[in-house]
$ cat data.txt   # compact mmCIF, C-alpha atoms and all ligand atoms
# COMPACT_ATOMS: atom_id res chain seq x y z
CA MET A 15 -8.34 -28.62 12.61
CA LYS A 16 -5.74 -25.93 12.40
CA LYS A 17 -2.28 -27.25 13.24
CA ILE A 18 -0.34 -25.09 15.67
CA ILE A 19 3.26 -25.12 16.87
CA ILE A 20 4.16 -23.10 19.95
CA LEU A 21 7.76 -22.09 20.53
CA GLY A 22 8.08 -21.13 24.17
CA SER A 23 5.00 -22.95 25.46
CA THR A 24 6.02 -22.85 29.13
CA GLY A 25 6.39 -19.06 29.19
CA SER A 26 3.65 -16.59 29.98
CA ILE A 27 2.45 -16.14 26.37
CA GLY A 28 2.83 -19.86 25.66
CA GLN A 29 0.66 -20.82 28.61
CA GLN A 30 -2.03 -18.32 27.70
CA THR A 31 -1.95 -19.52 24.08
CA LEU A 32 -2.67 -23.01 25.39
CA GLU A 33 -5.63 -21.63 27.38
CA VAL A 34 -7.13 -20.33 24.14
CA VAL A 35 -6.35 -23.63 22.39
CA ARG A 36 -8.03 -25.47 25.29
CA LYS A 37 -11.18 -23.32 24.85
CA TYR A 38 -11.21 -24.02 21.12
CA SER A 39 -9.94 -27.59 21.30
CA ARG A 40 -12.04 -28.58 18.28
CA LYS A 41 -10.50 -25.89 16.09
CA PHE A 42 -6.83 -26.16 16.99
CA LYS A 43 -4.47 -29.11 17.18
CA ILE A 44 -1.07 -28.68 18.82
CA VAL A 45 1.55 -30.47 16.73
CA GLY A 46 4.67 -29.09 18.39
CA LEU A 47 5.79 -27.47 21.64
CA SER A 48 9.07 -26.14 22.88
CA GLY A 49 9.92 -25.28 26.46
CA GLY A 50 12.87 -23.88 28.35
CA ARG A 51 13.73 -24.64 31.93
CA ASN A 52 10.31 -25.52 33.31
CA ILE A 53 10.46 -29.17 32.36
CA ALA A 54 7.68 -30.24 34.78
CA LEU A 55 5.22 -27.87 33.10
CA LEU A 56 6.36 -28.95 29.62
CA ARG A 57 5.67 -32.57 30.61
CA ARG A 58 2.17 -31.67 31.77
CA GLN A 59 1.53 -29.78 28.51
CA ILE A 60 2.72 -32.77 26.49
CA ARG A 61 0.41 -35.07 28.43
CA GLU A 62 -2.58 -32.78 27.82
CA PHE A 63 -2.02 -31.61 24.23
CA LYS A 64 -0.15 -34.63 22.85
CA PRO A 65 2.09 -32.86 20.33
CA LYS A 66 3.91 -34.97 17.77
CA PHE A 67 7.16 -33.04 18.23
CA VAL A 68 8.82 -31.33 21.13
CA ALA A 69 12.00 -29.32 21.58
CA SER A 70 13.52 -28.91 25.01
CA GLN A 71 16.76 -27.50 26.38
CA LYS A 72 16.93 -30.31 28.91
CA GLY A 73 16.17 -33.37 26.82
CA GLY A 74 15.36 -36.59 28.67
CA LYS A 75 12.07 -38.46 28.60
CA LEU A 76 9.16 -36.33 27.47
CA GLY A 77 6.21 -38.66 27.08
CA GLY A 78 5.20 -39.80 23.62
CA ALA A 79 6.46 -36.73 21.74
CA LYS A 80 9.48 -36.95 19.49
CA LEU A 81 12.37 -34.82 20.75
CA ILE A 82 13.87 -32.67 17.98
CA PRO A 83 16.08 -29.56 17.94
CA LEU A 84 14.30 -26.20 18.14
CA GLU A 85 15.40 -25.19 14.65
CA LYS A 86 13.86 -28.37 13.24
CA LEU A 87 10.66 -27.84 15.18
CA ALA A 88 10.35 -24.33 13.72
CA VAL A 89 10.04 -25.70 10.17
CA GLN A 90 7.67 -28.60 10.81
CA LYS A 91 4.38 -28.52 8.93
CA CYS A 92 1.74 -26.35 10.57
CA ALA A 93 -0.86 -23.72 9.71
CA LEU A 94 0.45 -21.28 12.30
CA LEU A 95 3.58 -21.07 14.38
CA VAL A 96 3.38 -19.13 17.63
CA SER A 97 6.74 -17.50 18.27
CA ALA A 98 6.75 -16.88 22.02
CA ILE A 99 10.31 -17.53 23.14
CA ALA A 100 11.60 -14.49 25.04
CA GLY A 101 14.80 -12.78 24.01
CA VAL A 102 17.31 -13.31 21.23
CA ALA A 103 16.80 -17.08 21.37
CA GLY A 104 13.53 -16.56 19.48
CA LEU A 105 15.18 -14.91 16.50
CA LYS A 106 16.53 -17.78 14.44
CA PRO A 107 13.57 -20.17 14.70
CA THR A 108 11.17 -17.36 13.76
CA LEU A 109 13.18 -16.46 10.67
CA LEU A 110 13.42 -20.13 9.65
CA ALA A 111 9.65 -20.52 9.95
CA LEU A 112 8.99 -17.42 7.83
CA LYS A 113 11.50 -18.53 5.21
CA LYS A 114 9.68 -21.84 5.06
CA GLY A 115 6.44 -19.96 4.39
CA ARG A 116 4.83 -20.63 7.76
CA ASN A 117 2.38 -18.04 9.03
CA VAL A 118 3.69 -16.73 12.32
CA ALA A 119 1.83 -15.34 15.33
CA LEU A 120 4.59 -13.20 16.70
CA ALA A 121 5.12 -12.47 20.39
CA ASN A 122 8.93 -12.53 20.31
CA LYS A 123 9.98 -8.89 20.21
CA GLU A 124 13.55 -9.43 19.12
CA SER A 125 12.48 -10.86 15.76
CA LEU A 126 11.32 -7.48 14.51
CA VAL A 127 13.58 -5.33 16.69
CA LEU A 128 16.82 -7.06 15.72
CA ALA A 129 15.92 -8.23 12.29
CA GLY A 130 12.78 -6.49 11.11
CA ASP A 131 13.99 -6.09 7.54
CA LEU A 132 15.13 -9.71 7.34
CA MET A 133 11.84 -11.04 8.75
CA LEU A 134 9.72 -8.97 6.38
CA GLN A 135 11.86 -9.83 3.38
CA ALA A 136 11.58 -13.53 4.25
CA ALA A 137 7.82 -13.28 4.71
CA LYS A 138 7.39 -11.40 1.44
CA LYS A 139 9.47 -13.92 -0.46
CA SER A 140 7.73 -17.00 0.94
CA GLY A 141 4.25 -15.49 1.18
CA ALA A 142 4.09 -16.03 4.95
CA GLN A 143 1.94 -13.74 7.05
CA ILE A 144 2.80 -12.24 10.42
CA PHE A 145 0.08 -11.74 13.05
CA PRO A 146 1.00 -9.64 16.08
CA ILE A 147 0.62 -11.07 19.59
CA ASP A 148 0.88 -7.94 21.62
CA SER A 149 -1.90 -5.73 22.89
CA GLU A 150 -0.60 -2.56 21.21
CA HIS A 151 0.14 -4.07 17.81
CA SER A 152 -3.04 -6.08 17.86
CA GLY A 153 -4.87 -2.82 18.55
CA LEU A 154 -3.06 -1.02 15.75
CA TRP A 155 -3.64 -3.91 13.37
CA GLN A 156 -7.39 -3.77 14.02
CA LEU A 157 -7.53 0.01 13.66
CA LEU A 158 -5.34 0.20 10.57
CA ASN A 159 -7.52 -2.39 8.84
CA LYS A 160 -10.34 0.14 8.96
CA VAL A 161 -8.46 3.27 7.89
CA ASP A 162 -7.18 4.31 4.46
CA PRO A 163 -3.34 4.30 4.83
CA LYS A 164 -3.12 7.58 2.92
CA THR A 165 -5.15 9.34 5.63
CA ILE A 166 -2.99 8.38 8.61
CA ARG A 167 -1.45 11.35 10.38
CA ARG A 168 0.05 9.42 13.30
CA VAL A 169 -0.36 6.28 15.33
CA VAL A 170 0.04 6.06 19.11
CA ILE A 171 0.69 3.09 21.34
CA THR A 172 0.23 3.20 25.09
CA ALA A 173 2.49 2.16 27.95
CA SER A 174 1.37 1.34 31.47
CA GLY A 175 4.51 3.03 32.72
CA GLY A 176 5.62 -0.10 34.58
CA ALA A 177 6.35 -0.60 38.24
CA LEU A 178 8.38 2.59 38.57
CA ARG A 179 5.79 4.96 37.14
CA ASP A 180 5.09 6.78 40.40
CA ILE A 181 8.32 6.33 42.31
CA PRO A 182 10.10 9.63 43.16
CA LEU A 183 12.85 10.35 40.61
CA THR A 184 15.44 10.65 43.39
CA LYS A 185 14.81 7.05 44.44
CA LEU A 186 15.02 5.64 40.93
CA LYS A 187 18.75 5.00 41.00
CA ASN A 188 18.60 2.54 43.86
CA VAL A 189 15.43 0.55 43.19
CA LYS A 190 15.68 -3.18 43.82
CA PRO A 191 14.80 -5.99 41.40
CA ARG A 192 11.76 -7.01 43.47
CA GLN A 193 10.30 -3.46 43.15
CA VAL A 194 10.82 -3.52 39.39
CA LEU A 195 9.22 -6.93 39.03
CA ALA A 196 5.95 -5.83 40.64
CA HIS A 197 4.15 -4.73 37.45
CA PRO A 198 0.89 -2.82 38.05
CA THR A 199 -1.32 -4.33 35.34
CA TRP A 200 0.17 -7.25 33.43
CA GLN A 201 1.34 -10.63 34.74
CA MET A 202 4.38 -11.50 32.65
CA GLY A 203 7.86 -13.01 32.62
CA THR A 204 10.80 -11.26 34.33
CA LYS A 205 12.55 -9.92 31.19
CA ILE A 206 9.43 -8.28 29.82
CA THR A 207 8.43 -6.93 33.23
CA LEU A 208 11.84 -5.26 33.60
CA ASP A 209 11.55 -3.92 30.04
CA CYS A 210 8.18 -2.41 31.02
CA ALA A 211 9.69 -0.66 34.04
CA THR A 212 12.41 0.93 31.88
CA LEU A 213 10.04 1.41 28.89
CA ALA A 214 12.64 -0.43 26.80
CA ASN A 215 9.65 -2.53 25.83
CA LYS A 216 7.83 0.50 24.44
CA ALA A 217 10.83 1.55 22.36
CA PHE A 218 10.98 -2.00 21.01
CA GLU A 219 7.27 -1.83 20.23
CA ILE A 220 7.70 1.37 18.22
CA ILE A 221 10.44 -0.35 16.20
CA GLU A 222 8.14 -3.35 15.73
CA ALA A 223 5.21 -1.18 14.65
CA HIS A 224 7.48 0.55 12.14
CA HIS A 225 8.36 -2.80 10.54
CA LEU A 226 4.98 -4.53 10.90
CA PHE A 227 2.90 -1.75 9.41
CA GLY A 228 5.49 0.10 7.33
CA ILE A 229 4.87 3.38 9.14
CA PRO A 230 7.74 5.91 9.32
CA TYR A 231 9.15 6.62 12.79
CA GLU A 232 8.05 10.24 12.80
CA LYS A 233 4.43 9.08 12.66
CA ILE A 234 4.67 6.67 15.62
CA GLU A 235 4.38 7.83 19.21
CA ALA A 236 4.02 6.31 22.67
CA VAL A 237 2.19 7.72 25.66
CA ILE A 238 1.84 6.62 29.30
CA HIS A 239 -1.64 5.37 30.08
CA PRO A 240 -1.72 3.90 33.60
CA GLN A 241 -5.10 2.15 33.26
CA SER A 242 -3.96 -0.01 30.31
CA LEU A 243 -7.43 0.03 28.77
CA VAL A 244 -6.59 1.95 25.59
CA HIS A 245 -3.86 0.03 23.75
CA ALA A 246 -3.54 1.89 20.46
CA LEU A 247 -4.80 5.01 18.71
CA VAL A 248 -4.82 6.12 15.09
CA GLU A 249 -5.21 9.75 14.11
CA THR A 250 -6.36 10.58 10.60
CA THR A 251 -5.54 13.70 8.60
CA ASP A 252 -8.98 15.20 9.25
CA GLY A 253 -8.33 15.21 13.02
CA ASN A 254 -10.33 12.14 14.00
CA VAL A 255 -8.73 9.83 16.55
CA PHE A 256 -9.70 6.16 16.70
CA ALA A 257 -8.85 4.12 19.78
CA GLN A 258 -8.88 0.43 20.58
CA LEU A 259 -9.90 -0.46 24.14
CA SER A 260 -10.17 -3.71 26.00
CA ASN A 261 -9.42 -5.18 29.38
CA PRO A 262 -5.69 -5.85 29.65
CA ASP A 263 -5.63 -9.56 28.90
CA MET A 264 -3.11 -11.10 26.52
CA ARG A 265 -5.52 -13.87 25.62
CA LEU A 266 -7.37 -11.38 23.44
CA PRO A 267 -4.48 -10.56 21.05
CA ILE A 268 -3.44 -14.22 21.20
CA GLN A 269 -6.89 -15.39 20.14
CA LEU A 270 -7.15 -12.80 17.38
CA ALA A 271 -3.78 -13.96 16.03
CA LEU A 272 -4.75 -17.66 16.25
CA PHE A 273 -7.91 -16.87 14.28
CA GLU A 274 -5.94 -14.60 11.92
CA GLY A 275 -8.15 -11.61 12.65
CA ARG A 276 -11.53 -13.35 12.81
CA ARG A 277 -13.64 -12.42 15.83
CA GLU A 278 -14.85 -15.20 18.11
CA ALA A 279 -16.16 -15.28 21.69
CA SER A 280 -13.23 -15.03 24.06
CA LEU A 281 -12.21 -15.74 27.64
CA VAL A 282 -11.74 -12.04 28.24
CA LYS A 283 -13.98 -10.16 30.66
CA PRO A 284 -16.17 -7.51 28.97
CA LEU A 285 -14.91 -3.99 29.58
CA ASP A 286 -16.97 -1.94 32.01
CA LEU A 287 -16.14 1.72 31.45
CA SER A 288 -18.43 3.15 34.14
CA GLY A 289 -16.41 4.89 36.83
CA GLN A 290 -13.20 4.36 34.86
CA LYS A 291 -10.66 7.10 34.55
CA LEU A 292 -8.62 7.30 31.35
CA GLU A 293 -5.37 9.12 32.01
CA PHE A 294 -2.54 9.94 29.61
CA ARG A 295 0.94 11.25 30.44
CA LYS A 296 4.00 12.20 28.49
CA ILE A 297 7.03 9.93 28.72
CA GLU A 298 9.59 11.70 30.95
CA ALA A 299 13.19 11.55 29.72
CA LYS A 300 14.53 11.52 33.29
CA ARG A 301 12.42 8.58 34.37
CA TYR A 302 12.76 6.55 31.20
CA PRO A 303 16.13 7.32 29.57
CA LEU A 304 16.42 3.80 28.16
CA PHE A 305 13.28 4.38 26.08
CA PHE A 306 14.93 7.26 24.22
CA THR A 307 18.29 5.48 23.90
CA ILE A 308 16.74 2.42 22.29
CA LEU A 309 14.39 4.42 20.08
CA GLN A 310 17.35 6.42 18.77
CA ALA A 311 19.10 3.14 17.92
CA GLY A 312 15.98 1.96 16.12
CA LYS A 313 15.91 5.07 13.99
CA ARG A 314 19.58 4.65 13.13
CA GLY A 315 18.78 1.17 11.91
CA GLY A 316 21.34 -1.34 10.64
CA LEU A 317 23.04 -3.09 13.53
CA ALA A 318 22.34 -0.34 16.10
CA PRO A 319 19.02 -1.82 17.28
CA VAL A 320 20.75 -5.19 17.65
CA VAL A 321 23.39 -3.63 19.88
CA ALA A 322 20.76 -1.72 21.91
CA ALA A 323 18.50 -4.73 22.43
CA VAL A 324 21.26 -7.15 23.38
CA ALA A 325 23.13 -4.67 25.57
CA SER A 326 19.95 -3.74 27.45
CA GLU A 327 19.07 -7.43 27.88
CA MET A 328 22.54 -8.25 29.24
CA ALA A 329 22.59 -5.20 31.52
CA GLY A 330 19.07 -6.06 32.69
CA ARG A 331 20.20 -9.56 33.63
CA LYS A 332 23.06 -8.11 35.64
CA PHE A 333 20.63 -5.84 37.46
CA LEU A 334 18.24 -8.70 38.24
CA LYS A 335 21.18 -10.69 39.65
CA GLY A 336 22.01 -7.75 41.90
CA GLU A 337 25.32 -7.07 40.16
CA ILE A 338 24.60 -3.50 38.99
CA LYS A 339 22.37 -0.60 40.00
CA PHE A 340 19.15 0.10 38.13
CA SER A 341 20.45 3.31 36.56
CA LYS A 342 23.38 1.41 35.06
CA ILE A 343 21.09 -0.48 32.68
CA GLU A 344 20.67 2.60 30.49
CA ARG A 345 24.31 3.66 30.91
CA PHE A 346 25.62 0.25 29.84
CA THR A 347 23.28 0.24 26.86
CA ARG A 348 24.30 3.74 25.77
CA LYS A 349 28.01 3.05 26.22
CA THR A 350 27.76 -0.18 24.27
CA LEU A 351 25.84 1.62 21.51
CA GLU A 352 28.69 4.07 21.18
CA LEU A 353 30.88 1.08 20.35
CA THR A 354 28.65 0.05 17.43
CA PRO A 355 31.24 1.03 14.77
CA GLN A 356 33.94 -1.08 16.49
CA ILE A 357 31.53 -3.92 17.18
CA SER A 358 30.45 -4.09 13.57
CA GLU A 359 33.95 -3.56 12.22
CA GLY A 360 34.75 -6.09 9.51
CA LEU A 361 31.07 -7.02 9.18
CA THR A 362 29.43 -5.96 5.97
CA ASP A 363 26.72 -3.32 6.41
CA LYS A 364 24.17 -5.74 5.11
CA LEU A 365 21.97 -7.19 7.81
CA SER A 366 22.07 -10.96 7.98
CA THR A 367 21.39 -13.49 10.74
CA LYS A 368 25.08 -14.33 10.66
CA ASN A 369 26.05 -10.72 11.35
CA ILE A 370 23.35 -10.31 13.98
CA LEU A 371 24.48 -13.45 15.81
CA LYS A 372 28.09 -12.31 15.58
CA VAL A 373 27.21 -8.95 17.09
CA ILE A 374 25.27 -10.71 19.85
CA GLU A 375 28.32 -12.87 20.62
CA ILE A 376 30.62 -9.85 20.75
CA ILE A 377 28.30 -7.99 23.12
CA LYS A 378 27.83 -11.03 25.37
CA LYS A 379 31.62 -11.35 25.66
CA HIS A 380 31.84 -7.63 26.32
CA PHE A 381 29.47 -8.07 29.29
CA GLU A 382 31.23 -11.10 30.82
MG MG B 1 2.88 -4.73 24.58
$ encode --input "data.txt" --output "structure tokens" --more "lines below"
Ligand code: MG
Amino acid sequence: MKKIIILGSTGSIGQQTLEVVRKYSRKFKIVGLSGGRNIALLRRQIREFKPKFVASQKGGKLGGAKLIPLEKLAVQKCALLVSAIAGVAGLKPTLLALKKGRNVALANKESLVLAGDLMLQAAKKSGAQIFPIDSEHSGLWQLLNKVDPKTIRRVVITASGGALRDIPLTKLKNVKPRQVLAHPTWQMGTKITLDCATLANKAFEIIEAHHLFGIPYEKIEAVIHPQSLVHALVETTDGNVFAQLSNPDMRLPIQLALFEGRREASLVKPLDLSGQKLEFRKIEAKRYPLFFTILQAGKRGGLAPVVAAVASEMAGRKFLKGEIKFSKIERFTRKTLELTPQISEGLTDKLSTKNILKVIEIIKKHFE
């Protein structure tokens, strides 16, 4: 039995990971779970999967599992750690697990966006492997495994375009949180759904792809594809284009990561292409300014992507609470990015978790 730890088991990815584990209950054994605020669900998961260890923000009685801090849970013995905590909270435990040599199935975006170099260095040093839990990166991973790296002209990931894809540009400024949270294809948590509406998520995914596969930025593109059936494409130097298609269902990349690339029967509905339209659109700068702002920060590297990711997360929270207008999310992010030299003043250029966490603190204070 393969021992699995899930960080963020009560979130959307965590719950779907447990669905796959439930289907393959003879292959996988849950040894650790961590949950956030949904303590009732965490209790139910503990009752069903009987992990040895559990980490919880709330504490209190949690069945037979031993309550330990998240950072301790991240380094417990396991064959695979699923990193599915949303936001910057997922950063440190993921890095600790990689340093300890644990193979990581990675759903937490911030790990590669904020600290891609650190994560990859840690993995290289310890021999840990990283398996992507994301439809686009899972698609790229599968395609790139079949193509000679020397023959890659460019890779493309797709974006559904989010809830605001078809809204008139004039109305964009005043959209309400409930409009943004109605995502057309994927059922996900609020942060990621907002990031899909702004395409911040797609900029993060380009940064992730750059780190995960070692592909230079000028060879990575994103395109709007409303149907969410094509997730990734790879173009080779001879002009061939290879695409990966599947029904949009996160359990597919999750399962592929849990099995480390091995193909097994899945819970995912077979794809019926008859009568399907496959549409592709360019990403409009006016509709998705945050995409370009974050991507620019990614290309600059160093602490800039940290500033962009944290500022957009903080601004996004303000928007969801009704404190700022939708259009201010990008403005706040851009303005904060301009402060990167001041923010990182006194910090050495070298990326380290300490510096990243310091920058995060400074930005959080800045937004209070
Ligand atoms: Mg994705």
$ atom_distance --input "data.txt" --atom1 "CA of Lys75 (chain A)" --atom2 "CA of Val89 (chain A)"
22.5 Å
$ residues_around --input "data.txt" --residues "Phe346 (chain A)" --least-positions-apart "6" --cutoff "9 Å" --atoms "all atoms listed in the file" --output "PyMOL selection string"
chain A and resi 325-326+329
$ residues_near_ligand --input "data.txt" --ligand "ligand MG 1 (chain B)" --cutoff "7 Å" --atoms "all atoms listed in the file" --output "list in words"
Asp148, Ser149, Glu150 and Glu219 of chain A
$ atom_distance --input "data.txt" --atom1 "CA of Ile20 (chain A)" --atom2 "CA of His224 (chain A)"
25.1 Å
$ atom_distance --input "data.txt" --atom1 "CA of Lys113 (chain A)" --atom2 "CA of Ser140 (chain A)"
5.9 Å
$ residues_around --input "data.txt" --residues "region 59-62 of chain A" --least-positions-apart "3" --cutoff "10 Å" --atoms "all atoms listed in the file" --output "PDB file with C-alpha atoms, in the coordinates of the input"
ATOM      1  CA  SER A  23       5.000 -22.950  25.460  1.00  0.00           C
ATOM      2  CA  THR A  24       6.020 -22.850  29.130  1.00  0.00           C
ATOM      3  CA  GLN A  29       0.660 -20.820  28.610  1.00  0.00           C
ATOM      4  CA  LEU A  32      -2.670 -23.010  25.390  1.00  0.00           C
ATOM      5  CA  ARG A  36      -8.030 -25.470  25.290  1.00  0.00           C
ATOM      6  CA  ILE A  44      -1.070 -28.680  18.820  1.00  0.00           C
ATOM      7  CA  GLY A  46       4.670 -29.090  18.390  1.00  0.00           C
ATOM      8  CA  LEU A  47       5.790 -27.470  21.640  1.00  0.00           C
ATOM      9  CA  SER A  48       9.070 -26.140  22.880  1.00  0.00           C
ATOM     10  CA  GLY A  49       9.920 -25.280  26.460  1.00  0.00           C
ATOM     11  CA  ILE A  53      10.460 -29.170  32.360  1.00  0.00           C
ATOM     12  CA  ALA A  54       7.680 -30.240  34.780  1.00  0.00           C
ATOM     13  CA  LEU A  55       5.220 -27.870  33.100  1.00  0.00           C
ATOM     14  CA  LEU A  56       6.360 -28.950  29.620  1.00  0.00           C
ATOM     15  CA  PRO A  65       2.090 -32.860  20.330  1.00  0.00           C
ATOM     16  CA  LYS A  66       3.910 -34.970  17.770  1.00  0.00           C
ATOM     17  CA  PHE A  67       7.160 -33.040  18.230  1.00  0.00           C
ATOM     18  CA  VAL A  68       8.820 -31.330  21.130  1.00  0.00           C
ATOM     19  CA  LEU A  76       9.160 -36.330  27.470  1.00  0.00           C
ATOM     20  CA  GLY A  77       6.210 -38.660  27.080  1.00  0.00           C
ATOM     21  CA  GLY A  78       5.200 -39.800  23.620  1.00  0.00           C
ATOM     22  CA  ALA A  79       6.460 -36.730  21.740  1.00  0.00           C
TER      23      ALA A  79
END
$ closest_residue --input "data.txt" --among "A:Val102, A:Ile376, A:Leu317, A:Val34" --to "Val282 (chain A)" --atoms "only C-alpha atoms"
A:Val34
$ residues_around --input "data.txt" --residues "Leu126 (chain A)" --least-positions-apart "4" --cutoff "12 Å" --atoms "all atoms listed in the file" --output "PyMOL selection string"
chain A and resi 97+101-102+104-106+108-109+120-122+130-137+144+146+217-228+312+315+319-320+323
$ residues_around --input "data.txt" --residues "Ala211 (chain A)" --least-positions-apart "4" --cutoff "7 Å" --atoms "all atoms listed in the file" --output "list in words"
Gly175, Gly176, Ala177, Leu178, Val194 and Thr207 of chain A
$ write_last_selection --input "data.txt" --atoms "C-alpha atoms" --output "short mmCIF file (atom, residue, chain, number, x, y, z; two decimals), keeping the file's coordinate frame"
data_model
loop_
_atom_site.label_atom_id
_atom_site.label_comp_id
_atom_site.auth_asym_id
_atom_site.auth_seq_id
_atom_site.Cartn_x
_atom_site.Cartn_y
_atom_site.Cartn_z
CA GLY A 175 4.51 3.03 32.72
CA GLY A 176 5.62 -0.10 34.58
CA ALA A 177 6.35 -0.60 38.24
CA LEU A 178 8.38 2.59 38.57
CA VAL A 194 10.82 -3.52 39.39
CA THR A 207 8.43 -6.93 33.23
#
$ residues_near_point --input "data.txt" --point "(-15.2, -0.3, 31.2)" --cutoff "12 Å" --atoms "all atoms listed in the file" --output "ChimeraX atom specification"
/A:241-244,259-262,283-292
$ closest_residue --input "data.txt" --among "A:Ser39, A:Asn369, A:Ser26, A:Gln258" --to "Leu157 (chain A)" --atoms "only C-alpha atoms"
A:Gln258
$ residues_near_point --input "data.txt" --point "(19.5, -0.2, 29.0)" --cutoff "9 Å" --atoms "all atoms listed in the file" --output "PyMOL selection string"
chain A and resi 209+212+214+303-305+307-308+322-323+325-330+341-348
